[in-house]
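The file work-v3.cif contains mmCIF, C-alpha atoms:
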data_structure
loop_
_atom_site.group_PDB
_atom_site.id
_atom_site.type_symbol
_atom_site.label_atom_id
_atom_site.label_comp_id
_atom_site.auth_asym_id
_atom_site.auth_seq_id
_atom_site.Cartn_x
_atom_site.Cartn_y
_atom_site.Cartn_z
ATOM 1 C CA MET A 44 85.146 115.636 79.947
ATOM 2 C CA VAL A 45 81.896 117.449 80.669
ATOM 3 C CA ILE A 46 79.666 116.317 83.510
ATOM 4 C CA THR A 47 76.122 117.483 83.999
ATOM 5 C CA GLN A 48 73.365 115.916 86.028
ATOM 6 C CA THR A 49 70.516 114.676 83.908
ATOM 7 C CA ASN A 50 68.198 111.724 83.540
ATOM 8 C CA PRO A 51 69.803 109.183 81.209
ATOM 9 C CA PRO A 52 68.031 107.925 78.084
ATOM 10 C CA ASN A 53 66.090 104.683 77.733
ATOM 11 C CA LEU A 54 64.856 104.490 81.328
ATOM 12 C CA LEU A 55 61.886 102.330 82.154
ATOM 13 C CA ASP A 56 60.651 105.052 84.489
ATOM 14 C CA ALA A 57 61.588 108.518 83.226
ATOM 15 C CA THR A 58 60.570 110.113 86.546
ATOM 16 C CA LYS A 59 62.945 108.006 88.614
ATOM 17 C CA THR A 60 65.812 109.956 90.185
ATOM 18 C CA ARG A 61 67.726 107.280 92.133
ATOM 19 C CA PHE A 62 69.024 103.974 90.824
ATOM 20 C CA THR A 63 70.673 100.844 92.143
ATOM 21 C CA PRO A 64 74.145 99.953 90.849
ATOM 22 C CA ASP A 65 72.659 97.121 88.786
ATOM 23 C CA GLU A 66 70.075 99.460 87.220
ATOM 24 C CA TYR A 67 72.882 101.871 86.363
ATOM 25 C CA ARG A 68 74.952 99.124 84.760
ATOM 26 C CA ALA A 69 72.010 97.935 82.684
ATOM 27 C CA ILE A 70 71.445 101.485 81.425
ATOM 28 C CA GLN A 71 75.150 101.955 80.723
ATOM 29 C CA GLU A 72 75.342 98.824 78.577
ATOM 30 C CA THR A 73 72.862 100.190 76.017
ATOM 31 C CA ALA A 74 73.174 103.981 76.405
ATOM 32 C CA GLU A 75 74.704 106.035 73.606
ATOM 33 C CA GLU A 76 76.232 108.432 76.152
ATOM 34 C CA ARG A 77 78.619 107.480 78.928
ATOM 35 C CA HIS A 78 77.377 107.884 82.489
ATOM 36 C CA GLU A 79 78.944 107.905 85.906
ATOM 37 C CA TYR A 80 77.247 106.598 89.030
ATOM 38 C CA CYS A 81 77.379 108.185 92.465
ATOM 39 C CA ASN A 82 75.432 106.679 95.343
ATOM 40 C CA GLY A 83 72.165 106.336 93.439
ATOM 41 C CA GLU A 84 72.534 109.255 91.026
ATOM 42 C CA ILE A 85 73.415 108.899 87.362
ATOM 43 C CA ILE A 86 75.502 111.633 85.742
ATOM 44 C CA VAL A 87 76.100 112.161 82.025
ATOM 45 C CA ARG A 88 79.747 112.245 80.950
ATOM 46 C CA SER A 89 80.050 113.973 77.598
ATOM 47 C CA GLY A 90 83.006 113.906 75.237
ATOM 48 C CA GLY A 91 86.018 116.167 75.570
ATOM 49 C CA SER A 92 87.774 118.506 73.168
ATOM 50 C CA GLU A 93 90.235 117.623 70.410
ATOM 51 C CA VAL A 94 93.124 118.858 72.580
ATOM 52 C CA HIS A 95 91.867 116.798 75.516
ATOM 53 C CA SER A 96 91.781 113.694 73.333
ATOM 54 C CA ALA A 97 95.218 114.378 71.801
ATOM 55 C CA ILE A 98 96.867 114.792 75.217
ATOM 56 C CA ALA A 99 95.226 111.610 76.516
ATOM 57 C CA CYS A 100 96.463 109.737 73.420
ATOM 58 C CA ASN A 101 99.992 111.084 73.863
ATOM 59 C CA LEU A 102 100.001 109.816 77.426
ATOM 60 C CA LEU A 103 98.580 106.445 76.433
ATOM 61 C CA ILE A 104 101.114 105.927 73.644
ATOM 62 C CA TYR A 105 104.187 106.994 75.609
ATOM 63 C CA LEU A 106 103.251 105.289 78.871
ATOM 64 C CA GLY A 107 102.265 102.163 76.958
ATOM 65 C CA PHE A 108 105.724 102.099 75.379
ATOM 66 C CA LEU A 109 107.513 102.580 78.713
ATOM 67 C CA LEU A 110 105.432 99.941 80.509
ATOM 68 C CA ARG A 111 105.295 97.319 77.763
ATOM 69 C CA ASP A 112 107.776 94.912 79.423
ATOM 70 C CA THR A 113 106.707 95.478 83.034
ATOM 71 C CA ASP A 114 104.036 94.070 85.344
ATOM 72 C CA PHE A 115 102.100 97.348 85.143
ATOM 73 C CA ARG A 116 98.903 97.457 83.087
ATOM 74 C CA LEU A 117 97.646 100.650 81.480
ATOM 75 C CA TYR A 118 93.958 101.310 80.776
ATOM 76 C CA ASN A 119 92.110 104.123 79.043
ATOM 77 C CA SER A 120 88.676 105.536 79.840
ATOM 78 C CA GLU A 121 86.762 102.505 78.537
ATOM 79 C CA LEU A 122 86.864 100.882 81.986
ATOM 80 C CA ARG A 123 85.221 102.291 85.093
ATOM 81 C CA VAL A 124 86.918 102.772 88.419
ATOM 82 C CA TRP A 125 84.547 101.384 91.052
ATOM 83 C CA ILE A 126 84.864 103.050 94.470
ATOM 84 C CA PRO A 127 83.051 100.838 97.018
ATOM 85 C CA GLU A 128 83.207 103.221 99.979
ATOM 86 C CA HIS A 129 81.272 105.864 98.036
ATOM 87 C CA ARG A 130 79.183 103.498 95.867
ATOM 88 C CA CYS A 131 80.612 105.333 92.896
ATOM 89 C CA GLY A 132 81.489 104.262 89.355
ATOM 90 C CA THR A 133 83.568 106.799 87.461
ATOM 91 C CA TYR A 134 85.852 107.053 84.439
ATOM 92 C CA ALA A 135 89.480 108.192 84.536
ATOM 93 C CA ASP A 136 91.287 109.354 81.418
ATOM 94 C CA LEU A 137 94.075 106.860 82.209
ATOM 95 C CA MET A 138 94.869 104.470 85.028
ATOM 96 C CA VAL A 139 97.661 102.029 85.794
ATOM 97 C CA VAL A 140 97.334 98.802 87.784
ATOM 98 C CA ASN A 141 100.228 96.905 89.315
ATOM 99 C CA GLY A 142 99.962 93.269 88.252
ATOM 100 C CA GLU A 143 96.554 91.739 87.670
ATOM 101 C CA PRO A 144 93.489 93.988 87.753
ATOM 102 C CA GLU A 145 91.049 93.463 90.607
ATOM 103 C CA PHE A 146 87.505 93.531 89.304
ATOM 104 C CA ASN A 147 84.329 94.405 91.150
ATOM 105 C CA GLY A 148 82.742 91.009 91.768
ATOM 106 C CA ASP A 149 82.012 89.267 88.488
ATOM 107 C CA ARG A 150 82.239 92.507 86.507
ATOM 108 C CA THR A 151 84.992 92.793 83.906
ATOM 109 C CA ASP A 152 84.478 96.520 83.292
ATOM 110 C CA GLU A 153 84.992 97.901 86.829
ATOM 111 C CA ILE A 154 88.500 98.144 88.309
ATOM 112 C CA LEU A 155 89.122 98.319 92.071
ATOM 113 C CA ASN A 156 92.911 98.659 92.289
ATOM 114 C CA PRO A 157 94.333 101.558 90.277
ATOM 115 C CA LEU A 158 97.789 102.609 91.402
ATOM 116 C CA LEU A 159 98.127 105.730 89.253
ATOM 117 C CA ILE A 160 95.242 107.816 87.862
ATOM 118 C CA VAL A 161 95.587 110.581 85.270
ATOM 119 C CA GLU A 162 92.922 113.183 84.532
ATOM 120 C CA VAL A 163 93.180 115.681 81.674
ATOM 121 C CA LEU A 164 91.429 118.771 82.996
ATOM 122 C CA SER A 165 88.489 120.481 81.321
ATOM 123 C CA PRO A 166 87.037 123.831 82.429
ATOM 124 C CA SER A 167 83.690 122.286 83.363
ATOM 125 C CA THR A 168 85.150 119.439 85.458
ATOM 126 C CA GLU A 169 88.380 120.822 86.882
ATOM 127 C CA GLY A 170 86.846 121.524 90.280
ATOM 128 C CA TYR A 171 85.343 118.040 90.426
ATOM 129 C CA ASP A 172 88.617 116.356 89.446
ATOM 130 C CA ARG A 173 90.568 118.341 92.051
ATOM 131 C CA GLY A 174 88.030 118.008 94.828
ATOM 132 C CA GLU A 175 85.288 115.434 95.210
ATOM 133 C CA LYS A 176 86.657 112.976 92.663
ATOM 134 C CA PHE A 177 90.145 113.030 94.195
ATOM 135 C CA ARG A 178 88.639 112.556 97.667
ATOM 136 C CA LYS A 179 86.778 109.482 96.461
ATOM 137 C CA TYR A 180 89.821 108.066 94.684
ATOM 138 C CA ARG A 181 91.793 108.353 97.933
ATOM 139 C CA SER A 182 89.516 105.758 99.564
ATOM 140 C CA LEU A 183 91.006 103.110 97.229
ATOM 141 C CA ALA A 184 93.750 101.186 99.048
ATOM 142 C CA ASN A 185 96.132 100.836 96.094
ATOM 143 C CA PHE A 186 95.784 104.386 94.774
ATOM 144 C CA CYS A 187 98.929 106.421 95.512
ATOM 145 C CA GLU A 188 99.614 108.789 92.582
ATOM 146 C CA TYR A 189 97.447 111.321 90.780
ATOM 147 C CA LEU A 190 98.234 113.552 87.802
ATOM 148 C CA LEU A 191 96.113 116.534 86.811
ATOM 149 C CA VAL A 192 97.072 117.572 83.290
ATOM 150 C CA SER A 193 96.121 120.993 81.919
ATOM 151 C CA GLN A 194 95.034 121.221 78.300
ATOM 152 C CA ALA A 195 95.331 125.023 78.280
ATOM 153 C CA GLU A 196 99.090 125.239 78.964
ATOM 154 C CA PRO A 197 102.058 122.987 79.757
ATOM 155 C CA TYR A 198 101.159 122.496 83.392
ATOM 156 C CA ILE A 199 100.799 119.315 85.431
ATOM 157 C CA GLU A 200 100.071 118.873 89.116
ATOM 158 C CA GLN A 201 101.274 115.669 90.727
ATOM 159 C CA TYR A 202 100.100 114.163 94.010
ATOM 160 C CA TYR A 203 101.943 111.214 95.524
ATOM 161 C CA ASN A 204 101.640 109.222 98.732
ATOM 162 C CA GLY A 205 104.201 106.450 99.060
ATOM 163 C CA ASP A 206 102.830 105.362 102.445
ATOM 164 C CA ARG A 207 99.357 104.446 101.231
ATOM 165 C CA PRO A 208 97.111 103.147 102.653
ATOM 166 C CA SER A 209 98.533 103.830 106.121
ATOM 167 C CA SER A 210 98.994 107.586 105.646
ATOM 168 C CA GLU A 211 96.935 110.463 104.255
ATOM 169 C CA ARG A 212 99.996 112.704 103.794
ATOM 170 C CA TRP A 213 100.141 113.484 100.090
ATOM 171 C CA GLN A 214 103.101 115.254 98.478
ATOM 172 C CA TRP A 215 102.282 117.865 95.835
ATOM 173 C CA GLN A 216 104.431 119.316 93.098
ATOM 174 C CA VAL A 217 104.054 121.130 89.799
ATOM 175 C CA CYS A 218 105.797 120.754 86.458
ATOM 176 C CA ASP A 219 105.287 123.640 84.025
ATOM 177 C CA ARG A 220 108.189 123.532 81.564
ATOM 178 C CA LEU A 221 108.335 121.556 78.331
ATOM 179 C CA ASP A 222 112.036 120.816 78.841
ATOM 180 C CA ARG A 223 111.378 119.023 82.130
ATOM 181 C CA ALA A 224 110.174 115.524 82.977
ATOM 182 C CA ILE A 225 107.870 114.203 85.679
ATOM 183 C CA VAL A 226 109.102 111.316 87.801
ATOM 184 C CA LEU A 227 106.232 108.896 88.305
ATOM 185 C CA HIS A 228 107.170 107.459 91.682
ATOM 186 C CA SER A 229 104.638 104.636 91.628
ATOM 187 C CA LEU A 230 106.021 103.343 88.309
ATOM 188 C CA ASN A 231 109.680 104.374 88.736
ATOM 189 C CA ILE A 232 109.824 106.048 85.316
ATOM 190 C CA GLU A 233 110.224 109.551 83.906
ATOM 191 C CA LEU A 234 107.566 111.118 81.712
ATOM 192 C CA PRO A 235 108.859 114.037 79.582
ATOM 193 C CA MET A 236 106.538 117.020 79.345
ATOM 194 C CA SER A 237 107.419 117.275 75.654
ATOM 195 C CA GLU A 238 105.874 113.835 75.065
ATOM 196 C CA ILE A 239 102.696 114.666 76.958
ATOM 197 C CA TYR A 240 102.237 117.853 74.920
ATOM 198 C CA ARG A 241 103.605 116.546 71.613
ATOM 199 C CA ARG A 242 101.983 118.432 68.679
ATOM 200 C CA ILE A 243 99.821 120.520 71.023
ATOM 201 C CA ASN A 244 99.726 124.201 70.087
ATOM 202 C CA PHE A 245 98.997 126.728 72.841
#
What's the structure tokens form of this structure?
Amino acid sequence: MVITQTNPPNLLDATKTRFTPDEYRAIQETAEERHEYCNGEIIVRSGGSEVHSAIACNLLIYLGFLLRDTDFRLYNSELRVWIPEHRCGTYADLMVVNGEPEFNGDRTDEILNPLLIVEVLSPSTEGYDRGEKFRKYRSLANFCEYLLVSQAEPYIEQYYNGDRPSSERWQWQVCDRLDRAIVLHSLNIELPMSEIYRRINF
């Protein structure tokens, strides 16, 4: 995904630079582009590349198959993750919830309790996904596993904290071979690299 700061379309006041969460949501419901919200600022989230989309679909299909008879629920980027501590609404490429989703108040499009979040990296947002976005995600009590998936090569970074929310000690590891699999600790399943990168040519 590509994120740039800009004023969103269809605003009542085109000179306005800060918005309430409800103003943001009203804009988002009718906007042609997707936007993220961060403590009063609205940020455009543009579409990704064909490879980005293909990798995200591979993950969705394979994880959906593995989780179909479990209590875990898998969601794509149509739903926002709402991060109360930072007054932030953002989109993850994929997220998994354990059991029923917890929604933000009476909203049905903002999730509060992701367990696992997956981001497919893009050159323009890699720093954001690794840094500020990950820091904000970590304020969510249920969040304990994070995958950063490269679209340039078979390379995935995995962060896991099995002691959440009592500990901030995250374990980090890398998987960079197509003949290997990643163990998703939060879901107790293995995810083969070959499935993530199925039909992707480097």
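What separates CA of Leu102 in chain A from CA of Leu164 in chain A is a distance of 13.6 Å.
Contact shell of Leu234 in chain A at 9 Å (only C-alpha atoms; same-chain neighbours under 3 positions omitted): Leu102, Tyr105, Leu106, Arg223, Ala224, Ile225, Val226, Leu227, Ser237, Glu238 and Ile239 of chain A.
Coordinates place CA of Phe62 in chain A at a distance of 24.8 Å from CA of Asp136 in chain A.
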Just give me the gap between CA of Ser120 in chain A and CA of Phe186 in chain A in Å, one decimal is fine.
16.6 Å
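Residues selected in this file by the PyMOL selection byres ((chain A and resi 94) around 12) comprise A:Met44, A:Gly90, A:Gly91, A:Ser92, A:Glu93, A:His95, A:Ser96, A:Ala97, A:Ile98, A:Ala99, A:Cys100, A:Asn101, A:Val163, A:Leu164, A:Ser165, A:Val192, A:Ser193, A:Gln194, A:Ala195, A:Glu196, A:Ile239, A:Tyr240, A:Arg241, A:Arg242, A:Ile243, A:Asn244, A:Phe245.
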Output as JSON lines one row per residue of range 71-167 of chain A within 12 Å of range 174-179 of chain A: the closest atom pair and its distance in Å to one decimal place, counting only C-alpha atoms, sorted by chain and residue number ascending.
{"residue": "A:Glu79", "atom": "CA", "partner": "A:Lys176", "partner_atom": "CA", "distance": 11.4}
{"residue": "A:Tyr80", "atom": "CA", "partner": "A:Lys176", "partner_atom": "CA", "distance": 11.9}
{"residue": "A:Cys81", "atom": "CA", "partner": "A:Lys179", "partner_atom": "CA", "distance": 10.3}
{"residue": "A:Asn82", "atom": "CA", "partner": "A:Lys179", "partner_atom": "CA", "distance": 11.7}
{"residue": "A:Val124", "atom": "CA", "partner": "A:Lys179", "partner_atom": "CA", "distance": 10.5}
{"residue": "A:Trp125", "atom": "CA", "partner": "A:Lys179", "partner_atom": "CA", "distance": 10.0}
{"residue": "A:Ile126", "atom": "CA", "partner": "A:Lys179", "partner_atom": "CA", "distance": 7.0}
{"residue": "A:Pro127", "atom": "CA", "partner": "A:Lys179", "partner_atom": "CA", "distance": 9.4}
{"residue": "A:Glu128", "atom": "CA", "partner": "A:Lys179", "partner_atom": "CA", "distance": 8.0}
{"residue": "A:His129", "atom": "CA", "partner": "A:Lys179", "partner_atom": "CA", "distance": 6.8}
{"residue": "A:Arg130", "atom": "CA", "partner": "A:Lys179", "partner_atom": "CA", "distance": 9.7}
{"residue": "A:Cys131", "atom": "CA", "partner": "A:Lys179", "partner_atom": "CA", "distance": 8.2}
{"residue": "A:Gly132", "atom": "CA", "partner": "A:Lys179", "partner_atom": "CA", "distance": 10.3}
{"residue": "A:Thr133", "atom": "CA", "partner": "A:Lys176", "partner_atom": "CA", "distance": 8.6}
{"residue": "A:Tyr134", "atom": "CA", "partner": "A:Lys176", "partner_atom": "CA", "distance": 10.2}
{"residue": "A:Ala135", "atom": "CA", "partner": "A:Lys176", "partner_atom": "CA", "distance": 9.8}
{"residue": "A:Leu159", "atom": "CA", "partner": "A:Phe177", "partner_atom": "CA", "distance": 11.9}
{"residue": "A:Ile160", "atom": "CA", "partner": "A:Phe177", "partner_atom": "CA", "distance": 9.7}
{"residue": "A:Val161", "atom": "CA", "partner": "A:Phe177", "partner_atom": "CA", "distance": 10.7}
{"residue": "A:Glu162", "atom": "CA", "partner": "A:Phe177", "partner_atom": "CA", "distance": 10.1}
Target residues per the PyMOL selection byres ((chain A and resi 145) around 6), formatted as an MDAnalysis selection string:
chainID A and resid 144 146 154:156
